[in-house]
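Printed here is work-v3.cif (mmCIF, C-alpha atoms):
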data_final
loop_
_atom_site.label_atom_id
_atom_site.label_comp_id
_atom_site.auth_asym_id
_atom_site.auth_seq_id
_atom_site.Cartn_x
_atom_site.Cartn_y
_atom_site.Cartn_z
CA MET A 1 115.14 78.01 66.17
CA SER A 2 112.63 80.78 66.75
CA VAL A 3 109.84 82.34 64.66
CA THR A 4 108.82 86.02 64.78
CA VAL A 5 105.46 87.29 63.55
CA ARG A 6 104.53 90.94 63.10
CA VAL A 7 100.86 91.80 63.60
CA PRO A 8 98.96 95.11 63.30
CA ALA A 9 96.56 97.05 65.48
CA LYS A 10 93.06 97.79 64.21
CA VAL A 11 90.62 100.65 64.15
CA ASN A 12 86.87 100.16 63.84
CA VAL A 13 85.66 102.67 61.26
CA GLN A 14 82.14 101.43 61.94
CA LEU A 15 80.98 99.51 65.00
CA ALA A 16 77.24 98.88 64.87
CA VAL A 17 76.04 97.02 67.95
CA GLY A 18 72.82 95.07 68.36
CA SER A 19 71.09 94.24 71.63
CA ALA A 20 72.53 91.60 73.93
CA ARG A 21 72.09 87.97 72.85
CA PRO A 22 71.16 85.13 75.23
CA ASP A 23 74.84 84.10 75.31
CA GLY A 24 75.86 87.57 76.52
CA PHE A 25 77.47 88.60 73.23
CA HIS A 26 76.08 91.24 70.87
CA ASP A 27 75.54 90.90 67.14
CA LEU A 28 77.81 93.36 65.35
CA ALA A 29 78.47 94.96 62.01
CA ASN A 30 82.12 95.74 62.62
CA VAL A 31 84.18 97.34 59.84
CA PHE A 32 87.86 96.77 60.66
CA LEU A 33 90.89 98.51 59.20
CA ALA A 34 94.38 97.27 60.06
CA VAL A 35 96.71 100.18 60.92
CA SER A 36 100.50 100.49 60.93
CA LEU A 37 101.12 100.06 64.65
CA TYR A 38 102.57 96.61 65.33
CA ASP A 39 103.42 94.06 67.98
CA GLU A 40 106.04 91.41 67.25
CA VAL A 41 105.62 87.97 68.81
CA THR A 42 108.55 85.53 68.89
CA VAL A 43 108.15 81.87 69.84
CA SER A 44 110.97 79.44 70.51
CA PRO A 45 111.19 75.92 71.93
CA SER A 46 111.16 75.70 75.73
CA SER A 47 110.74 73.17 78.51
CA SER A 48 107.31 74.67 79.34
CA LEU A 49 104.89 77.36 78.18
CA THR A 50 106.20 80.75 79.32
CA ILE A 51 105.50 84.35 78.31
CA THR A 52 107.58 87.52 78.55
CA CYS A 53 106.77 91.01 77.34
CA SER A 54 108.70 94.19 76.62
CA GLY A 55 107.79 97.65 75.38
CA PRO A 56 105.34 100.40 76.40
CA ASP A 57 102.97 99.36 79.21
CA ALA A 58 104.42 95.84 79.22
CA GLY A 59 103.66 95.69 82.95
CA GLN A 60 99.93 95.65 82.16
CA VAL A 61 100.17 92.54 79.97
CA PRO A 62 99.24 89.28 81.73
CA LEU A 63 102.04 86.71 81.65
CA ASP A 64 99.91 83.70 82.55
CA ARG A 65 97.53 81.38 80.71
CA THR A 66 94.90 84.16 80.42
CA ASN A 67 97.06 85.81 77.76
CA LEU A 68 95.58 85.07 74.32
CA ALA A 69 99.04 84.25 72.99
CA ALA A 70 99.31 81.42 75.52
CA ARG A 71 95.76 80.28 74.76
CA ALA A 72 96.61 80.20 71.05
CA ALA A 73 99.61 77.94 71.66
CA GLU A 74 97.51 75.64 73.84
CA LEU A 75 94.62 75.34 71.40
CA LEU A 76 96.86 74.69 68.41
CA ALA A 77 98.93 72.12 70.32
CA ALA A 78 95.80 70.34 71.56
CA ARG A 79 94.46 69.97 68.00
CA HIS A 80 97.65 68.20 66.97
CA GLY A 81 98.40 66.15 70.09
CA LEU A 82 101.42 68.29 70.98
CA SER A 83 102.64 69.88 74.19
CA PRO A 84 102.62 73.70 74.02
CA ASP A 85 106.21 73.93 75.26
CA VAL A 86 107.27 77.29 73.87
CA HIS A 87 108.61 80.55 75.16
CA ILE A 88 106.49 83.42 73.80
CA HIS A 89 108.00 86.90 73.82
CA ILE A 90 105.74 89.85 72.99
CA ALA A 91 107.47 93.05 71.86
CA LYS A 92 104.62 95.45 72.56
CA ASP A 93 103.93 98.61 70.57
CA ILE A 94 100.13 98.49 70.22
CA PRO A 95 98.49 100.40 73.11
CA VAL A 96 97.43 98.07 75.93
CA ALA A 97 93.69 97.90 76.83
CA GLY A 98 93.14 100.70 74.32
CA GLY A 99 90.42 99.39 72.02
CA MET A 100 92.93 98.54 69.25
CA ALA A 101 92.89 94.74 69.67
CA GLY A 102 96.45 94.42 70.96
CA GLY A 103 95.70 91.28 72.95
CA SER A 104 93.83 89.76 70.01
CA ALA A 105 96.73 90.64 67.73
CA ASP A 106 99.13 88.79 70.01
CA GLY A 107 96.87 85.74 69.96
CA ALA A 108 96.81 85.67 66.16
CA ALA A 109 100.57 86.23 65.97
CA ALA A 110 101.36 83.46 68.45
CA LEU A 111 99.07 81.08 66.56
CA LEU A 112 100.82 81.70 63.25
CA ALA A 113 104.26 81.60 64.88
CA CYS A 114 103.61 78.26 66.61
CA ASP A 115 102.12 76.77 63.45
CA THR A 116 105.30 77.76 61.61
CA LEU A 117 107.66 76.64 64.39
CA TRP A 118 105.99 73.23 64.63
CA GLY A 119 105.82 72.80 60.85
CA LEU A 120 102.10 72.08 60.93
CA GLY A 121 101.16 73.82 57.68
CA SER A 122 97.63 74.57 58.86
CA THR A 123 95.28 76.02 56.28
CA ARG A 124 94.00 79.56 56.60
CA ALA A 125 90.54 78.16 57.40
CA GLU A 126 91.96 76.02 60.23
CA LEU A 127 93.81 78.99 61.70
CA LEU A 128 90.73 81.22 61.44
CA SER A 129 88.67 78.58 63.24
CA ILE A 130 91.07 78.69 66.20
CA CYS A 131 91.15 82.49 66.04
CA ALA A 132 87.35 82.61 66.37
CA GLU A 133 87.57 80.34 69.40
CA LEU A 134 90.11 82.70 70.97
CA GLY A 135 88.03 85.86 70.60
CA SER A 136 85.89 88.05 68.39
CA ASP A 137 88.71 90.31 67.13
CA VAL A 138 91.37 87.62 66.67
CA PRO A 139 90.37 86.48 63.16
CA PHE A 140 90.80 90.01 61.78
CA SER A 141 94.26 90.30 63.31
CA LEU A 142 95.27 87.30 61.21
CA VAL A 143 93.63 88.60 58.02
CA GLY A 144 94.43 92.34 58.20
CA GLY A 145 93.62 94.79 55.42
CA ALA A 146 89.95 95.71 55.72
CA ALA A 147 87.01 93.49 56.55
CA LEU A 148 83.42 93.47 57.73
CA GLY A 149 82.95 91.36 60.85
CA THR A 150 79.47 90.00 61.56
CA GLY A 151 78.09 87.67 64.21
CA ARG A 152 80.06 88.77 67.26
CA GLY A 153 82.67 90.12 64.85
CA GLU A 154 84.41 86.83 64.05
CA ARG A 155 82.77 86.11 60.66
CA LEU A 156 84.78 88.12 58.16
CA THR A 157 84.13 89.40 54.65
CA GLU A 158 87.21 91.07 53.23
CA LEU A 159 86.69 94.57 51.79
CA GLU A 160 88.31 96.49 48.98
CA VAL A 161 90.18 99.68 49.90
CA GLY A 162 91.01 102.13 47.13
CA GLY A 163 93.66 104.23 48.81
CA GLU A 164 95.66 105.01 51.93
CA PHE A 165 94.09 106.62 55.00
CA HIS A 166 96.04 108.59 57.61
CA TRP A 167 95.30 108.44 61.32
CA VAL A 168 96.32 109.76 64.71
CA PHE A 169 95.64 107.65 67.80
CA ALA A 170 95.52 109.43 71.15
CA VAL A 171 96.43 107.05 73.94
CA ALA A 172 94.69 107.73 77.26
CA ASP A 173 95.97 107.03 80.75
CA GLY A 174 94.71 103.67 81.94
CA GLY A 175 92.46 101.27 80.09
CA LEU A 176 88.77 100.59 79.71
CA SER A 177 87.33 97.12 80.22
CA THR A 178 85.55 95.93 77.09
CA PRO A 179 82.91 94.01 79.13
CA ALA A 180 82.32 97.16 81.21
CA VAL A 181 81.77 99.26 78.09
CA TYR A 182 79.31 96.73 76.65
CA GLY A 183 77.58 96.64 80.03
CA GLU A 184 77.22 100.43 79.94
CA PHE A 185 75.90 100.18 76.36
CA ASP A 186 73.23 97.77 77.64
CA ARG A 187 72.36 100.16 80.48
CA LEU A 188 72.11 103.18 78.18
CA THR A 189 69.94 101.33 75.65
CA GLU A 190 67.70 99.54 78.16
CA GLY A 191 64.08 99.81 77.06
CA LEU A 192 65.04 101.22 73.67
CA ALA A 193 64.57 99.57 70.29
CA VAL A 194 68.12 98.72 69.22
CA PRO A 195 68.23 98.26 65.43
CA ALA A 196 69.83 95.21 63.89
CA PRO A 197 73.44 96.11 63.05
CA ALA A 198 74.27 96.67 59.38
CA ALA A 199 77.25 98.05 57.52
CA SER A 200 76.85 101.54 56.10
CA PRO A 201 76.80 101.54 52.26
CA ALA A 202 78.28 105.06 52.28
CA LEU A 203 81.16 103.92 54.46
CA LEU A 204 81.90 100.86 52.35
CA ASP A 205 81.85 103.04 49.24
CA ALA A 206 84.26 105.54 50.83
CA LEU A 207 86.67 102.71 51.62
CA ARG A 208 86.40 101.30 48.11
CA THR A 209 87.13 104.68 46.49
CA GLY A 210 89.78 105.77 49.02
CA ASP A 211 87.81 108.95 49.76
CA ALA A 212 88.93 110.25 53.17
CA PRO A 213 86.38 113.10 53.50
CA SER A 214 83.53 110.71 52.67
CA LEU A 215 84.89 108.14 55.13
CA ALA A 216 85.06 110.89 57.76
CA GLY A 217 81.37 111.60 57.28
CA ALA A 218 80.47 107.93 57.73
CA LEU A 219 82.59 106.96 60.77
CA ALA A 220 80.39 105.57 63.56
CA ASN A 221 80.82 103.73 66.84
CA ASP A 222 77.74 102.65 68.80
CA LEU A 223 79.95 102.03 71.86
CA GLN A 224 81.17 105.63 71.94
CA PRO A 225 78.38 106.97 74.23
CA ALA A 226 79.11 104.16 76.69
CA ALA A 227 82.86 104.82 76.61
CA LEU A 228 82.26 108.56 77.15
CA SER A 229 79.87 107.79 79.99
CA LEU A 230 82.57 105.77 81.75
CA ARG A 231 85.39 108.18 80.79
CA PRO A 232 83.93 111.70 80.26
CA SER A 233 87.39 113.21 79.76
CA LEU A 234 87.59 111.55 76.34
CA ALA A 235 85.21 114.23 75.02
CA ASP A 236 87.96 116.83 75.50
CA THR A 237 90.40 114.68 73.54
CA LEU A 238 87.94 114.25 70.68
CA GLN A 239 87.27 118.01 70.58
CA THR A 240 90.97 118.85 70.65
CA GLY A 241 91.74 116.67 67.64
CA THR A 242 88.89 117.95 65.50
CA SER A 243 89.74 121.54 66.41
CA ALA A 244 93.32 120.84 65.29
CA GLY A 245 92.15 119.87 61.81
CA ALA A 246 91.18 116.19 61.90
CA LEU A 247 88.48 115.32 59.39
CA ALA A 248 86.67 113.25 62.03
CA ALA A 249 87.21 111.65 65.41
CA LEU A 250 85.80 108.68 67.27
CA VAL A 251 86.55 106.36 70.16
CA SER A 252 88.43 103.31 68.86
CA GLY A 253 86.41 100.20 69.63
CA SER A 254 85.62 100.09 73.33
CA GLY A 255 88.26 102.76 74.03
CA PRO A 256 89.82 104.60 75.66
CA THR A 257 92.12 105.23 72.68
CA THR A 258 90.60 107.86 70.38
CA ALA A 259 91.13 107.84 66.60
CA PHE A 260 91.42 110.86 64.31
CA LEU A 261 91.15 110.57 60.53
CA THR A 262 93.22 113.22 58.71
CA LYS A 263 93.45 114.32 55.09
CA ASP A 264 97.14 113.41 54.68
CA GLU A 265 100.35 112.52 56.51
CA GLU A 266 101.31 116.15 57.13
CA SER A 267 97.96 116.91 58.73
CA ALA A 268 98.33 113.82 60.91
CA GLY A 269 101.60 115.21 62.26
CA SER A 270 100.05 118.55 63.18
CA VAL A 271 97.01 116.91 64.81
CA ALA A 272 99.29 114.65 66.84
CA ALA A 273 101.36 117.64 68.00
CA ALA A 274 98.22 119.53 69.06
CA LEU A 275 96.89 116.54 70.99
CA LEU A 276 100.16 116.10 72.86
CA ALA A 277 100.42 119.81 73.64
CA SER A 278 96.86 119.87 74.99
CA GLY A 279 97.58 117.39 77.77
CA THR A 280 94.36 115.52 76.97
CA CYS A 281 96.22 112.29 76.17
CA ARG A 282 99.37 110.47 77.26
CA GLU A 283 100.68 109.79 73.77
CA ALA A 284 99.71 110.50 70.14
CA ARG A 285 100.65 107.95 67.49
CA VAL A 286 100.57 108.53 63.72
CA ALA A 287 99.67 105.56 61.50
CA SER A 288 98.25 104.65 58.11
CA SER A 289 95.87 102.03 56.80
CA PRO A 290 95.27 99.48 55.46
CA THR A 291 98.16 97.15 56.20
CA ALA A 292 98.69 93.40 56.10
CA GLY A 293 97.59 91.05 58.87
CA ALA A 294 99.89 88.71 60.85
CA ARG A 295 103.02 87.85 58.86
CA VAL A 296 106.14 85.81 59.58
CA VAL A 297 109.10 88.25 59.54
CA GLY A 298 111.81 86.02 60.97
CA ALA A 299 112.43 82.29 61.21
#
Would you give me this structure, written as structure tokens?
Amino acid sequence: MSVTVRVPAKVNVQLAVGSARPDGFHDLANVFLAVSLYDEVTVSPSSSLTITCSGPDAGQVPLDRTNLAARAAELLAARHGLSPDVHIHIAKDIPVAGGMAGGSADGAAALLACDTLWGLGSTRAELLSICAELGSDVPFSLVGGAALGTGRGERLTELEVGGEFHWVFAVADGGLSTPAVYGEFDRLTEGLAVPAPAASPALLDALRTGDAPSLAGALANDLQPAALSLRPSLADTLQTGTSAGALAALVSGSGPTTAFLTKDEESAGSVAAALLASGTCREARVASSPTAGARVVGA
């Protein structure tokens, strides 16, 4: 028997970042939207815990115990006195190290898949507790839809979305280290008064009403200056997309993937074509939001 779980990527439509905490994390007001780019994670019984991966940039995915999918299997097994003897296969389609929570998505998917495979019947609260232990973005990968993440991003309040939003994601060559981007944020804000992070009422209202132009005017990412400092070429990508008709553009999370909000699906196609033709990105992916979180699609 095997169990397959499909799990979405995310875009941060707002990422408000506070100053560094004593534990090294930052308090956040992180508004997540799940978007229609997916990984599929399949788990099956095995004599030991092993991981394989296929798909774009699969060679960049760690196949050892540092992979969040492996950590998820270990944590769940430990809570129930089991051995995490499963083979985990990740069919990768979310950009790797791109600021779209692909690794976190795989952790959430593996957790749900193992829980199903082992017949544990864990509650949503139990799964979310393990997700939070795995990483700040993992709980949202399980929940999907739209949510405000506070604390370090792991405490979620689900949000209402009144319509469908259309996106283009420009995938850059190479990745950006999330710790490096936060470190650059700390450097750039050293000596400055960093306000306590808070969700934008205008942005939440735009989500609730499904108003793409209003959402475009409210998009914000406090990590964007740091990402641009480490990868100045991203500015050309952002300019290309907005010049091609995107309503707004921003770096997705810690980058280097850049996100472009468009007025409709047709506009998304033309923005994607312009980005590809410009040579400022390696790939341009069209997607919509919101979409469901991790879901069992085969058992």
Might you spell out which residues the PyMOL selection byres ((chain A and resi 176) around 9) would select in the displayed file, as a PyMOL selection string?
-> chain A and resi 97-99+174-175+177-181+227+230-231+254-256
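Taking atom CA of Gln239 of chain A and atom CA of Gly269 of chain A as the two end points, the separation is 16.8 Å.
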Residue members of the PyMOL selection byres ((chain A and resi 131) around 12) in the file shown, as number ranges by chain = A: 68-69, 71-73, 75-76, 104-112, 124-130, 132-143, 153-156, 294
A:Ala249, A:Val11, A:Leu63, A:Val3 ranked by distance to Ala287 of chain A, top pick (using only C-alpha atoms) |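 Among A:Ala249, A:Val11, A:Leu63, A:Val3, it is A:Val11 that comes nearest to Ala287 of chain A.
Nearest-residue note for Phe25 of chain A: choosing from A:Thr242, A:Leu159, A:Thr150, A:Gly55, the minimum distance belongs to A:Thr150, counting all atoms listed in the file.
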In terms of the shortest atom-to-atom distance over all atoms listed in the file, which of A:Ala77, A:Met1, A:Ala16, A:Ala9 is closest to Arg152 of chain A?
->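 Selected residue with least distance to Arg152 of chain A: A:Ala16.
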Place a sphere of radius 6 Å on (97.3, 108.7, 62.4) in the file coordinates and name every protein, DNA or RNA residue with an atom inside or on its surface, counting only C-alpha atoms; give the answer as a PyMOL selection string.
-> chain A and resi 166-169+268+286-288
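If you look at atom CA of Ala147 of chain A and atom CA of Gly241 of chain A, they are 26.1 Å away from each other.
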Fewer than 4 positions away in the same chain doesn't count, so skip those; otherwise give me all residues within 12 Å of Arg21 of chain A, counting only C-alpha atoms, as a ChimeraX atom specification.
-> /A:17,25-28,151-152,182,186,196
Let me see the file: selected residues, C-alpha atoms, as a short mmCIF file (atom, residue, chain, number, x, y, z; two decimals), keeping the file's coordinate frame.
data_model
loop_
_atom_site.label_atom_id
_atom_site.label_comp_id
_atom_site.auth_asym_id
_atom_site.auth_seq_id
_atom_site.Cartn_x
_atom_site.Cartn_y
_atom_site.Cartn_z
CA VAL A 17 76.04 97.02 67.95
CA PHE A 25 77.47 88.60 73.23
CA HIS A 26 76.08 91.24 70.87
CA ASP A 27 75.54 90.90 67.14
CA LEU A 28 77.81 93.36 65.35
CA GLY A 151 78.09 87.67 64.21
CA ARG A 152 80.06 88.77 67.26
CA TYR A 182 79.31 96.73 76.65
CA ASP A 186 73.23 97.77 77.64
CA ALA A 196 69.83 95.21 63.89
#
For the file shown, report as a PyMOL selection string the outcome of the PyMOL selection byres ((chain A and resi 267) around 10) at residue level.
-> chain A and resi 166-168+244-247+261-266+268-273
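Among the candidate residues A:Gly102, A:Gly18, A:Pro62, A:Pro290, the one lying nearest to Glu190 of chain A is A:Gly18, with distances computed using only C-alpha atoms.
Put simply, atom CA of Arg282 of chain A is 11.8 Å away from atom CA of Asp57 of chain A.
Each of A:Gly191, A:Pro232, A:Pro95, A:Gly253 was compared to Ala284 of chain A using all atoms listed in the file, and A:Pro95 turns out to be the nearest.
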Find, counting all atoms listed in the file, the residue in A:Gln60, A:Thr50, A:Ser200, A:Thr116 that gets nearest to Arg295 of chain A.
->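 Closest to Arg295 of chain A of all the choices is A:Thr116.
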Which polymer residues have any atom within 12 Å of an atom of Leu117 of chain A, counting only C-alpha atoms, with same-chain residues fewer than 2 positions away left out, as a ChimeraX atom specification?
-> /A:1-5,42-46,73,76-77,84-88,110-115,119-122,296,298-299
Got a sec: who's within 12 Å of Thr189 of chain A, counting all atoms listed in the file, leaving out chain neighbours fewer than 2 positions off, as a PyMOL selection string?
-> chain A and resi 17-20+182-187+191-195+222-223+225-226
Return as JSON the centre and edge lengths, in Å with one decimal, of the box along x, y and z that encloses every atom of segment 168-176 of chain A in the file, padded by 4 Å per side.
{"center_x": 92.6, "center_y": 105.2, "center_z": 73.3, "size_x": 15.7, "size_y": 17.2, "size_z": 25.2}
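Residues within 10 Å of Thr240 of chain A, counting only C-alpha atoms and excluding same-chain residues fewer than 3 positions away, are Leu234, Ala235, Asp236, Thr237, Ser243, Ala244, Gly245, Ala246, Ala249, Val271, Ala274, Leu275, Leu276, Ala277, Ser278, Gly279 and Thr280 of chain A.
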Just the residues within 7 Å of Asp39 of chain A, please, counting all atoms listed in the file, with nothing from its chain fewer than 5 positions along; format it as a list of chain:residue names.
-> A:Arg6, A:Val7, A:Pro8, A:Ile90, A:Ala91, A:Lys92, A:Asp93, A:Ile94
Output segment 150-161 of chain A as a short mmCIF file (atom, residue, chain, number, x, y, z; two decimals), in the frame of the given file, making sure all heavy atoms are there.
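Output saved as result11.cif:
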data_model
loop_
_atom_site.label_atom_id
_atom_site.label_comp_id
_atom_site.auth_asym_id
_atom_site.auth_seq_id
_atom_site.Cartn_x
_atom_site.Cartn_y
_atom_site.Cartn_z
N THR A 150 80.85 90.16 61.11
CA THR A 150 79.47 90.00 61.56
C THR A 150 79.42 88.89 62.62
O THR A 150 80.44 88.37 63.02
CB THR A 150 78.53 89.68 60.38
OG1 THR A 150 79.05 88.54 59.67
CG2 THR A 150 78.45 90.86 59.42
N GLY A 151 78.19 88.52 63.03
CA GLY A 151 78.09 87.67 64.21
C GLY A 151 78.54 88.49 65.41
O GLY A 151 78.10 89.64 65.58
N ARG A 152 79.47 87.95 66.19
CA ARG A 152 80.06 88.77 67.26
C ARG A 152 81.33 89.46 66.77
O ARG A 152 82.12 89.96 67.57
CB ARG A 152 80.33 87.93 68.51
CG ARG A 152 81.14 86.68 68.29
CD ARG A 152 81.30 85.86 69.57
NE ARG A 152 81.86 84.56 69.31
CZ ARG A 152 83.17 84.30 69.21
NH1 ARG A 152 84.05 85.27 69.31
NH2 ARG A 152 83.58 83.07 68.99
N GLY A 153 81.53 89.46 65.46
CA GLY A 153 82.67 90.12 64.85
C GLY A 153 83.65 89.15 64.23
O GLY A 153 84.58 89.56 63.53
N GLU A 154 83.42 87.84 64.44
CA GLU A 154 84.41 86.83 64.05
C GLU A 154 84.22 86.34 62.62
O GLU A 154 85.13 85.74 62.05
CB GLU A 154 84.39 85.66 65.03
CG GLU A 154 83.34 84.57 64.79
CD GLU A 154 81.92 84.95 65.17
OE1 GLU A 154 81.66 86.14 65.50
OE2 GLU A 154 81.05 84.07 65.13
N ARG A 155 83.03 86.57 62.03
CA ARG A 155 82.77 86.11 60.66
C ARG A 155 83.14 87.24 59.70
O ARG A 155 82.48 88.28 59.68
CB ARG A 155 81.31 85.70 60.49
CG ARG A 155 80.92 84.52 61.37
CD ARG A 155 79.68 83.80 60.84
NE ARG A 155 78.52 84.70 60.76
CZ ARG A 155 77.60 84.80 61.72
NH1 ARG A 155 77.71 84.09 62.83
NH2 ARG A 155 76.57 85.61 61.57
N LEU A 156 84.19 87.03 58.92
CA LEU A 156 84.78 88.12 58.16
C LEU A 156 84.46 88.05 56.67
O LEU A 156 84.48 86.98 56.06
CB LEU A 156 86.31 88.11 58.32
CG LEU A 156 86.86 88.30 59.73
CD1 LEU A 156 88.39 88.23 59.70
CD2 LEU A 156 86.38 89.62 60.32
N THR A 157 84.19 89.21 56.10
CA THR A 157 84.13 89.40 54.65
C THR A 157 85.16 90.47 54.32
O THR A 157 85.05 91.62 54.78
CB THR A 157 82.73 89.88 54.21
OG1 THR A 157 81.75 88.93 54.64
CG2 THR A 157 82.67 90.04 52.71
N GLU A 158 86.17 90.10 53.55
CA GLU A 158 87.21 91.07 53.23
C GLU A 158 86.67 92.16 52.32
O GLU A 158 85.81 91.92 51.47
CB GLU A 158 88.41 90.36 52.61
CG GLU A 158 89.10 89.43 53.61
CD GLU A 158 90.39 88.82 53.07
OE1 GLU A 158 91.32 89.59 52.77
OE2 GLU A 158 90.43 87.59 52.95
N LEU A 159 87.18 93.39 52.51
CA LEU A 159 86.69 94.57 51.79
C LEU A 159 87.79 95.18 50.95
O LEU A 159 88.97 95.15 51.32
CB LEU A 159 86.19 95.62 52.79
CG LEU A 159 85.03 95.20 53.71
CD1 LEU A 159 84.78 96.29 54.74
CD2 LEU A 159 83.77 94.90 52.90
N GLU A 160 87.38 95.78 49.86
CA GLU A 160 88.31 96.49 48.98
C GLU A 160 88.56 97.90 49.52
O GLU A 160 87.62 98.58 49.95
CB GLU A 160 87.72 96.57 47.57
CG GLU A 160 88.61 97.24 46.55
CD GLU A 160 87.93 97.39 45.20
OE1 GLU A 160 86.85 96.78 45.01
OE2 GLU A 160 88.47 98.13 44.36
N VAL A 161 89.81 98.32 49.50
CA VAL A 161 90.18 99.68 49.90
C VAL A 161 90.93 100.32 48.74
O VAL A 161 91.92 99.77 48.25
CB VAL A 161 91.05 99.68 51.17
CG1 VAL A 161 91.37 101.12 51.59
CG2 VAL A 161 90.34 98.96 52.31
#
